[in-house]
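K.L.:
The structure that follows is given in the form of structure tokens.
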Amino acid sequence: MSSAVINRLDYQEPAFRVENINLVFNLDPVTTTVYNTMRIEPLTDSDHDLVLNGSELELASVFENGSPLSTERYTVTPEALIIRGIRQKTTITIYNKFHPQANTLLSGIYMSNGNFMSQCESEGFRRITYFPDHPDMLTRFHVEIRADKEQYPILLSNGNLIEQGDLDNGRHFAIWEDPSLKPCYLFALVAGKLVKREEVYKLANGKDCLLQVWVEPQNADKTEHTMECIKRAIHWDETRWGLEYDLDRFMLVATDDFNFGAMENKGLNIFNTRYVLATPKMATDLDYFNIESVVGHEYFHNWTGDRVTLRDWFQLTLKEGLTVFRDQEFSRDMLGKSAVIKRIMDVRALRSRQFPEDAGPMAHPIRPESYRQINNFYTMTVYEKGAEIYRMLQTMLGKEGFKKGLSLYIERNDGRAATCEDFINAMAEANGRDLKQFFLWYSQAGTPRVQVKTYWDPEASTYTIVASQSTPATPGQPVKHPFVIPIAVGLVDSEGHDIPLQLEGETAPLGTTRVLELKDEENEWTFVNVGSRPVPSLLRDFSAPVILDYAYTRDELAFLARNDADPFNRWDAMNRLMLGVLEDMTDVIEMGGKPEADHNLLSSFEQILTDETLTPAFRAITLQLPAENLIGEPRAVIDPDAIRKARTELKAAIGRRYSSLLFKLAESYETPGDYSPDSESAGRRSLKNLAYDYLITGGNPKALIALRGQFEKANNLTDKLAALTSVVNSASPAKTNMLVEAAKEWQGNPILINKWLTVQASAGTQPGEADTLTRVRQLMDCGAFSIKNPNNVYALILAFCNNEPEFHRKDGKGYEFWLQILRELCSVNEYVAARVARTLDHWKRYTPDRAQMMYRVLNEAKHIPGLPVGVQEILDKSLG
Ligand code: ARG
Ligand code: ZN
């Protein structure tokens, strides 16, 4: 792996085209051999060398038009095979080997529970064979897989199955041909003992499409939900965007060993099992919901990613931001009347994970300018902030306008490798709009702050909104230009009704929500016929990824929480109210005082809790306290102990104060009968479990009894896991038995065991118990944990690193643990190592004693022998 910095502006058009590639694999876990025949065509007259990337490959021989290539014509380096003197169309044949079983990076072709799996995005194909491994190198793939028939009865690759049959020595073969032009990062190969669920589905165009979900035999009964999700995704893409599936079959394969969530390989998506397998006893409501969105996401990539692909990896947000936007819209449409819940969850994730990234040492625009390891840029910024950029366009251009722009973009770029400019140009042209300034969202990092001031003039009956923007400097970008920021605004009168909105100069009111475009450092708008002072509802539905500063009083927030016609802003008002109170309480704790819960907050809590006009799902999500890192974010210095204490105290205060109300509610929201993950039942469960959680935090013994009963009797994982989590986070010794029970029931199911690990890694340390770090260390040796399995590492180690007070313990033992794990991971899987490395990138934000200790281990980490560049990149930026 080269350690050089790659710059976006250094992009060069390819000098060669690969007309087609023919691959023959002889699969063997120890050493797999590949015959790779490519038809190569030079594209320029100049004397370019053909650079074929290759990593950790053994080269056996090279042929040109059937004859051995003389050794003067080529050079082999650890990173490439360079061939000189190709002046005309030439057939190059390469015979090489690689070692699947030794592949713990899980990039290229590797083994998972005895099966061959592949992952090529971003640069995994070069770990399979020599090839120009860049996303703009589109070619046609013809693939023959040969393997032992008994060990590997199922042989899969992209496209159509052309032929299969037996060979000598108990081996067999299958030939796959993909009619589509694709870059090699979308190549996939799977071989092993797998079983399928399959169905023939009629596409909107009348064609039959074969849908298959492949899993290991023990999981055969857990794929029904996934199949349903595939059909919903196909149908939604047809109806919402007019985009149809283009192959005769669509396959999805699940594996336990996977670095990421899932991968959109053409016609053969490969998924982490956690986004495939679902039964009532092994998946929560949220898991069911997430499976739908990930299945949608990968399927939607077929157009936004596969048919239209990327020119280079800097354009990543062109497929990822756009496809996240598409999957968000899909999930929202599937929720029907609870749609806002999805928006709330997405914004919550953006604020708690992307905003800090944008404010820290790793801040980068959604289209970065440079990288050392591209894998470090599969970030919340590229994905989730990217999605917000597409959403803003839809908000500004309208759904129809956005759809027109997307159609034009696809029509123009189908079968091509595109850039972000191609997308914006299509949007601009289809809508007759100048989007030059809007394009700054692609190049400027940092979260803009929008400050709003309002003036009501009773004499003139006018209401003026003045909005100004400023964006803090980020690494490498000291000065920012003003963005185009769509601010959706409503004005709520004292009765709680929206006022019809008429801007100065307009002849009549037009609607009750208006999208104001803030374009300069400061802009103002005046509404007329505003006879009484309204409360402004700003940034409705979170119309832009910004931090909104408006000096709401707590009374106004409580008012909006009860009345705003925009359900997102109702949630947001309550959230702001809770955050403000938690900030105050944390201040008091830091000063050594005893904090008290705010009365305004308590009464709003009660009102929402008992408001039967609101869905249970909405009440549950609105009454959840903000996460600890959101409480920490605005603070000058983060003290995780004080924050947890404040949050727990507030929870306990609410639990005590409303105990009978919460109890009644918890009992009345039982979901009797068979389990169903539909949004209404899920909402009832989440409100019930929220109520119990407040109660048990308030020390209510009846809640403990109820939760133990729920844990024993639940017919679904949502209730069972909620009960376990609440009890584990309480002081009750009952947790020990419950954890043993859960382990007995869940052993042998990796997804459930991972949840079991996470519950423990995320728990606080109660007086008299072993501390969480000690338990995490024990769990690493419990037999259910392997550092080679990314899901295990995420479930135990990353969960612990996100457990703020336990990880950031004052004695620095959490940081020593971090260093030890990082060291181990560097030699096993550098991608997973880089994710763990990132958990210290905000070290400067913490109390000085902690910051100093983090600084020390970050520096020590730089001396890890064989430190991978990707990890080095994170450490350098964190320290820089
Ligand atoms: N494209 C995959 C997705 O849809 C993720 C691939 C992640 N690859 C990586 N090198 N980080 O989200
Ligand atoms: Zn994606």
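Naming scheme: A, B, ... for chains in displayed order of the structure tokens; residues 1 onward per chain; ligands 1 onward as shown.
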Please check which protein, DNA or RNA residues sit within 9 Å of ligand 2, counting only C-alpha atoms and all ligand atoms, and write them as a PDB file with N, CA and C atoms, in the first residue's frame.
P.N.:
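Written file, out-v1.pdb:
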ATOM      1  N   GLY A 261     -21.721  -2.691   6.179  1.00  0.00           N
ATOM      2  CA  GLY A 261     -23.107  -3.138   6.266  1.00  0.00           C
ATOM      3  C   GLY A 261     -23.466  -4.060   5.111  1.00  0.00           C
ATOM      4  N   ALA A 262     -23.219  -3.587   3.888  1.00  0.00           N
ATOM      5  CA  ALA A 262     -23.585  -4.370   2.717  1.00  0.00           C
ATOM      6  C   ALA A 262     -22.936  -3.754   1.487  1.00  0.00           C
ATOM      7  N   MET A 263     -23.029  -4.478   0.380  1.00  0.00           N
ATOM      8  CA  MET A 263     -22.322  -4.042  -0.831  1.00  0.00           C
ATOM      9  C   MET A 263     -23.154  -4.317  -2.069  1.00  0.00           C
ATOM     10  N   GLU A 264     -23.201  -3.321  -2.941  1.00  0.00           N
ATOM     11  CA  GLU A 264     -24.113  -3.323  -4.090  1.00  0.00           C
ATOM     12  C   GLU A 264     -23.583  -3.993  -5.346  1.00  0.00           C
ATOM     13  N   VAL A 294     -31.456  -0.912   4.481  1.00  0.00           N
ATOM     14  CA  VAL A 294     -30.199  -1.348   3.854  1.00  0.00           C
ATOM     15  C   VAL A 294     -30.482  -2.150   2.576  1.00  0.00           C
ATOM     16  N   HIS A 297     -31.267   0.442   0.157  1.00  0.00           N
ATOM     17  CA  HIS A 297     -30.046   1.174  -0.215  1.00  0.00           C
ATOM     18  C   HIS A 297     -29.249   0.425  -1.286  1.00  0.00           C
ATOM     19  N   GLU A 298     -28.955  -0.827  -1.032  1.00  0.00           N
ATOM     20  CA  GLU A 298     -28.112  -1.568  -1.983  1.00  0.00           C
ATOM     21  C   GLU A 298     -28.850  -1.775  -3.305  1.00  0.00           C
ATOM     22  N   PHE A 300     -31.103   0.219  -4.580  1.00  0.00           N
ATOM     23  CA  PHE A 300     -31.174   1.503  -5.302  1.00  0.00           C
ATOM     24  C   PHE A 300     -29.844   1.869  -5.956  1.00  0.00           C
ATOM     25  N   HIS A 301     -28.758   1.336  -5.403  1.00  0.00           N
ATOM     26  CA  HIS A 301     -27.456   1.554  -6.035  1.00  0.00           C
ATOM     27  C   HIS A 301     -27.429   1.040  -7.470  1.00  0.00           C
ATOM     28  N   GLY A 305     -25.030   4.283  -8.819  1.00  0.00           N
ATOM     29  CA  GLY A 305     -23.809   3.615  -8.367  1.00  0.00           C
ATOM     30  C   GLY A 305     -23.326   2.628  -9.420  1.00  0.00           C
ATOM     31  N   LYS A 319     -22.592   8.669  -5.374  1.00  0.00           N
ATOM     32  CA  LYS A 319     -23.436   7.481  -5.262  1.00  0.00           C
ATOM     33  C   LYS A 319     -23.933   7.282  -3.833  1.00  0.00           C
ATOM     34  N   GLU A 320     -23.091   7.569  -2.832  1.00  0.00           N
ATOM     35  CA  GLU A 320     -23.504   7.244  -1.465  1.00  0.00           C
ATOM     36  C   GLU A 320     -24.479   8.268  -0.875  1.00  0.00           C
ATOM     37  N   GLY A 321     -24.163   9.556  -0.994  1.00  0.00           N
ATOM     38  CA  GLY A 321     -25.090  10.566  -0.481  1.00  0.00           C
ATOM     39  C   GLY A 321     -26.442  10.427  -1.171  1.00  0.00           C
ATOM     40  N   LEU A 322     -26.393  10.281  -2.486  1.00  0.00           N
ATOM     41  CA  LEU A 322     -27.628  10.179  -3.264  1.00  0.00           C
ATOM     42  C   LEU A 322     -28.410   8.915  -2.905  1.00  0.00           C
ATOM     43  N   THR A 323     -27.705   7.818  -2.710  1.00  0.00           N
ATOM     44  CA  THR A 323     -28.412   6.572  -2.420  1.00  0.00           C
ATOM     45  C   THR A 323     -28.921   6.546  -0.982  1.00  0.00           C
ATOM     46  N   VAL A 324     -28.214   7.176  -0.068  1.00  0.00           N
ATOM     47  CA  VAL A 324     -28.759   7.312   1.292  1.00  0.00           C
ATOM     48  C   VAL A 324     -30.033   8.165   1.233  1.00  0.00           C
ATOM     49  N   TYR A 383     -21.728  10.113   3.509  1.00  0.00           N
ATOM     50  CA  TYR A 383     -23.018   9.423   3.420  1.00  0.00           C
ATOM     51  C   TYR A 383     -24.179  10.308   3.890  1.00  0.00           C
TER      52      TYR A 383
END
K.L.:
So that I can check the surroundings of Pro677 (chain A), please list as a PDB file with C-alpha atoms, in the first residue's frame every protein, DNA and RNA residue that reaches within 10 Å of it, counting only C-alpha atoms and ignoring chain neighbours fewer than 5 positions away.
P.N.:
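Result written to around_24.pdb:
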ATOM      1  CA  HIS A 225     -38.520 -10.328   5.757  1.00  0.00           C
ATOM      2  CA  THR A 279     -37.105 -13.618  13.104  1.00  0.00           C
ATOM      3  CA  PRO A 280     -39.139 -12.241  16.002  1.00  0.00           C
ATOM      4  CA  ALA A 283     -34.307  -9.164  15.511  1.00  0.00           C
ATOM      5  CA  THR A 284     -35.698  -6.074  17.194  1.00  0.00           C
ATOM      6  CA  ASP A 285     -38.238  -3.731  15.663  1.00  0.00           C
ATOM      7  CA  LEU A 286     -35.352  -1.463  14.789  1.00  0.00           C
ATOM      8  CA  ASP A 287     -33.493  -4.338  13.132  1.00  0.00           C
ATOM      9  CA  TYR A 288     -36.509  -5.094  10.953  1.00  0.00           C
ATOM     10  CA  PHE A 289     -36.655  -1.431  10.035  1.00  0.00           C
ATOM     11  CA  ALA A 682     -43.300  -1.182  17.230  1.00  0.00           C
ATOM     12  CA  GLY A 683     -44.384   2.226  18.481  1.00  0.00           C
ATOM     13  CA  ARG A 685     -43.453  -1.416  22.367  1.00  0.00           C
ATOM     14  CA  ASN A 716     -39.999 -11.026  20.615  1.00  0.00           C
ATOM     15  CA  THR A 718     -37.482  -6.030  21.214  1.00  0.00           C
TER      16      THR A 718
END
K.L.:
Quick one: of A:Ser659, A:Thr75, A:Ser370, A:Thr304, who's nearest to ligand 1, counting only C-alpha atoms and all ligand atoms?
P.N.:
A:Thr304
K.L.:
Quick one: DSSP strand (DSSP E or B) residues in region 45-282 of chain A, as a ChimeraX atom specification?
P.N.:
/A:50-53,58-64,67-68,74-76,80-83,90-98,108-112,115-119,131,139-148,154-157,160-166,171-182,189-192,195-202,208-215,249-255,262-263,268-272
K.L.:
Mind dumping the selected residues with C-alpha atoms as a JSON list (two decimals), in the first residue's frame?
P.N.:
[["chain", "number", "residue", "atom", "x", "y", "z"],
["A", 50, "LEU", "CA", -0.14, -0.22, -18.88],
["A", 51, "VAL", "CA", -0.38, -0.15, -15.09],
["A", 52, "LEU", "CA", -2.27, -3.10, -13.64],
["A", 53, "ASN", "CA", -2.78, -2.78, -9.90],
["A", 58, "GLU", "CA", 1.75, -14.02, -6.59],
["A", 59, "LEU", "CA", 2.40, -13.61, -10.26],
["A", 60, "ALA", "CA", 3.08, -16.87, -12.11],
["A", 61, "SER", "CA", 3.22, -15.80, -15.74],
["A", 62, "VAL", "CA", 2.18, -13.19, -18.30],
["A", 63, "PHE", "CA", 1.26, -13.74, -21.94],
["A", 64, "GLU", "CA", 0.67, -11.38, -24.83],
["A", 67, "SER", "CA", 2.87, -16.04, -26.18],
["A", 68, "PRO", "CA", 4.91, -15.54, -23.03],
["A", 74, "TYR", "CA", 7.20, -5.77, -17.75],
["A", 75, "THR", "CA", 8.01, -4.91, -14.15],
["A", 76, "VAL", "CA", 6.38, -6.28, -11.03],
["A", 80, "ALA", "CA", 1.46, -3.24, -9.69],
["A", 81, "LEU", "CA", 2.35, -5.10, -12.82],
["A", 82, "ILE", "CA", 3.57, -2.57, -15.37],
["A", 83, "ILE", "CA", 3.63, -3.59, -19.02],
["A", 90, "THR", "CA", -3.70, -6.75, -27.41],
["A", 91, "THR", "CA", -4.78, -9.78, -25.44],
["A", 92, "ILE", "CA", -2.99, -10.03, -22.12],
["A", 93, "THR", "CA", -3.24, -13.21, -20.09],
["A", 94, "ILE", "CA", -2.10, -13.32, -16.51],
["A", 95, "TYR", "CA", -1.82, -16.32, -14.28],
["A", 96, "ASN", "CA", -1.68, -15.42, -10.60],
["A", 97, "LYS", "CA", -2.40, -16.78, -7.12],
["A", 98, "PHE", "CA", -3.70, -15.45, -3.81],
["A", 108, "GLY", "CA", -10.73, -9.25, -2.16],
["A", 109, "ILE", "CA", -11.73, -12.92, -1.85],
["A", 110, "TYR", "CA", -11.71, -14.40, 1.65],
["A", 111, "MET", "CA", -13.18, -17.26, 3.68],
["A", 112, "SER", "CA", -16.20, -16.93, 5.94],
["A", 115, "ASN", "CA", -17.40, -20.28, 2.23],
["A", 116, "PHE", "CA", -15.69, -18.00, -0.29],
["A", 117, "MET", "CA", -16.91, -14.40, -0.17],
["A", 118, "SER", "CA", -15.72, -11.27, -1.90],
["A", 119, "GLN", "CA", -15.60, -7.53, -1.23],
["A", 131, "PHE", "CA", -6.23, -5.04, -13.30],
["A", 139, "THR", "CA", -15.55, -3.54, -18.77],
["A", 140, "ARG", "CA", -17.53, -6.71, -19.46],
["A", 141, "PHE", "CA", -16.94, -9.70, -17.20],
["A", 142, "HIS", "CA", -17.02, -13.35, -18.15],
["A", 143, "VAL", "CA", -16.32, -15.55, -15.13],
["A", 144, "GLU", "CA", -15.73, -19.26, -14.74],
["A", 145, "ILE", "CA", -15.57, -20.63, -11.20],
["A", 146, "ARG", "CA", -14.13, -24.10, -10.52],
["A", 147, "ALA", "CA", -14.25, -25.69, -7.09],
["A", 148, "ASP", "CA", -14.76, -28.89, -5.14],
["A", 154, "ILE", "CA", -23.05, -23.23, -4.93],
["A", 155, "LEU", "CA", -20.99, -21.03, -7.26],
["A", 156, "LEU", "CA", -22.15, -17.44, -7.86],
["A", 157, "SER", "CA", -20.98, -14.34, -9.68],
["A", 160, "ASN", "CA", -26.46, -14.47, -15.89],
["A", 161, "LEU", "CA", -25.63, -18.12, -15.31],
["A", 162, "ILE", "CA", -24.51, -19.42, -18.69],
["A", 163, "GLU", "CA", -23.46, -22.96, -17.98],
["A", 164, "GLN", "CA", -22.56, -25.35, -15.19],
["A", 165, "GLY", "CA", -21.30, -28.88, -15.01],
["A", 166, "ASP", "CA", -18.91, -31.41, -13.53],
["A", 171, "ARG", "CA", -14.78, -30.62, -8.92],
["A", 172, "HIS", "CA", -17.43, -28.68, -10.80],
["A", 173, "PHE", "CA", -17.75, -25.35, -12.57],
["A", 174, "ALA", "CA", -20.15, -22.53, -13.29],
["A", 175, "ILE", "CA", -19.88, -19.82, -15.94],
["A", 176, "TRP", "CA", -21.37, -16.39, -15.34],
["A", 177, "GLU", "CA", -21.60, -13.56, -17.78],
["A", 178, "ASP", "CA", -22.53, -10.03, -16.86],
["A", 179, "PRO", "CA", -24.03, -8.17, -19.82],
["A", 180, "SER", "CA", -23.55, -4.81, -18.10],
["A", 181, "LEU", "CA", -20.49, -2.63, -18.30],
["A", 182, "LYS", "CA", -19.10, -2.31, -14.82],
["A", 189, "LEU", "CA", -17.81, -14.06, -6.30],
["A", 190, "VAL", "CA", -19.40, -16.40, -3.78],
["A", 191, "ALA", "CA", -18.88, -20.14, -3.38],
["A", 192, "GLY", "CA", -19.91, -22.56, -0.69],
["A", 195, "VAL", "CA", -29.31, -22.35, 0.66],
["A", 196, "LYS", "CA", -31.73, -20.00, -0.98],
["A", 197, "ARG", "CA", -35.14, -18.51, -0.69],
["A", 198, "GLU", "CA", -36.32, -17.66, -4.16],
["A", 199, "GLU", "CA", -39.25, -16.13, -5.89],
["A", 200, "VAL", "CA", -40.15, -15.00, -9.38],
["A", 201, "TYR", "CA", -41.25, -11.37, -9.30],
["A", 202, "LYS", "CA", -42.98, -9.52, -12.08],
["A", 208, "ASP", "CA", -40.06, -11.86, -14.77],
["A", 209, "CYS", "CA", -37.15, -11.44, -12.44],
["A", 210, "LEU", "CA", -35.71, -14.23, -10.30],
["A", 211, "LEU", "CA", -35.08, -13.03, -6.75],
["A", 212, "GLN", "CA", -32.80, -15.08, -4.52],
["A", 213, "VAL", "CA", -31.60, -14.67, -0.94],
["A", 214, "TRP", "CA", -28.66, -16.97, -0.12],
["A", 215, "VAL", "CA", -27.66, -17.88, 3.44],
["A", 249, "ARG", "CA", -31.98, -12.16, -11.64],
["A", 250, "PHE", "CA", -31.21, -10.32, -8.45],
["A", 251, "MET", "CA", -29.24, -12.18, -5.79],
["A", 252, "LEU", "CA", -28.40, -11.29, -2.22],
["A", 253, "VAL", "CA", -25.92, -13.27, -0.08],
["A", 254, "ALA", "CA", -25.41, -12.99, 3.68],
["A", 255, "THR", "CA", -22.12, -13.45, 5.52],
["A", 262, "ALA", "CA", -23.58, -4.37, 2.72],
["A", 263, "MET", "CA", -22.32, -4.04, -0.83],
["A", 268, "LEU", "CA", -25.15, -10.01, -6.52],
["A", 269, "ASN", "CA", -25.38, -7.90, -3.39],
["A", 270, "ILE", "CA", -23.39, -9.17, -0.43],
["A", 271, "PHE", "CA", -24.68, -8.33, 3.03],
["A", 272, "ASN", "CA", -23.54, -8.51, 6.58]]
K.L.:
So which bits of region 535-596 of chain A end up alpha helix (DSSP H) when you DSSP the backbone, as an NGL selection string?
P.N.:
:A and (554-563 or 567-590)
K.L.:
Excluding Val484 (chain A) and its own-chain neighbours fewer than 3 positions away, which residues fall within 7 Å of it when counting only C-alpha atoms? Please give them as a VMD selection string.
P.N.:
chain A and resid 437 to 438 517 to 519
K.L.:
Deliver the residues from the most recent selection as a file, using C-alpha atoms, as an mmCIF file, in the first residue's frame.
P.N.:
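Okay, this is what ended up in part.cif:
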data_model
loop_
_atom_site.group_PDB
_atom_site.id
_atom_site.type_symbol
_atom_site.label_atom_id
_atom_site.label_comp_id
_atom_site.auth_asym_id
_atom_site.auth_seq_id
_atom_site.Cartn_x
_atom_site.Cartn_y
_atom_site.Cartn_z
ATOM 1 C CA GLN A 437 -23.312 28.732 -5.341
ATOM 2 C CA PHE A 438 -25.181 25.639 -4.178
ATOM 3 C CA GLU A 517 -33.185 30.856 0.791
ATOM 4 C CA LEU A 518 -30.383 32.324 2.838
ATOM 5 C CA LYS A 519 -27.657 33.113 0.298
#
K.L.:
For region 599-681 of chain A versus region 338-358 of chain A, which residues have an atom no more than 9 Å away, and what is each residue's nearest atom pair and distance in Å rounded to one decimal, using only C-alpha atoms, chain-then-number order, as a tab-separated table?
P.N.:
residue	atom	partner	partner_atom	distance
A:Thr615	CA	A:Ser338	CA	7.7
A:Ala617	CA	A:Ile341	CA	7.4
A:Phe618	CA	A:Ile341	CA	6.6
A:Ile621	CA	A:Ile341	CA	7.6
A:Pro626	CA	A:Arg348	CA	8.7
A:Ala627	CA	A:Ser352	CA	7.7
A:Asn629	CA	A:Ser352	CA	6.6
A:Leu630	CA	A:Ser352	CA	5.7
A:Glu633	CA	A:Pro356	CA	7.3
A:Ser679	CA	A:Ser338	CA	7.3
A:Glu680	CA	A:Ser338	CA	8.3
K.L.:
CA of Leu408 (chain A) to CA of Pro132 (chain A): how many Å, to one decimal?
P.N.:
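Calculated distance between CA of Leu408 (chain A) and CA of Pro132 (chain A) is 29.6 Å.
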K.L.:
One number please: CA of Leu721 (chain A) to CA of Pro750 (chain A), in Å, one decimal.
P.N.:
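Interatomic distance, CA of Leu721 (chain A) to CA of Pro750 (chain A): 15.2 Å.
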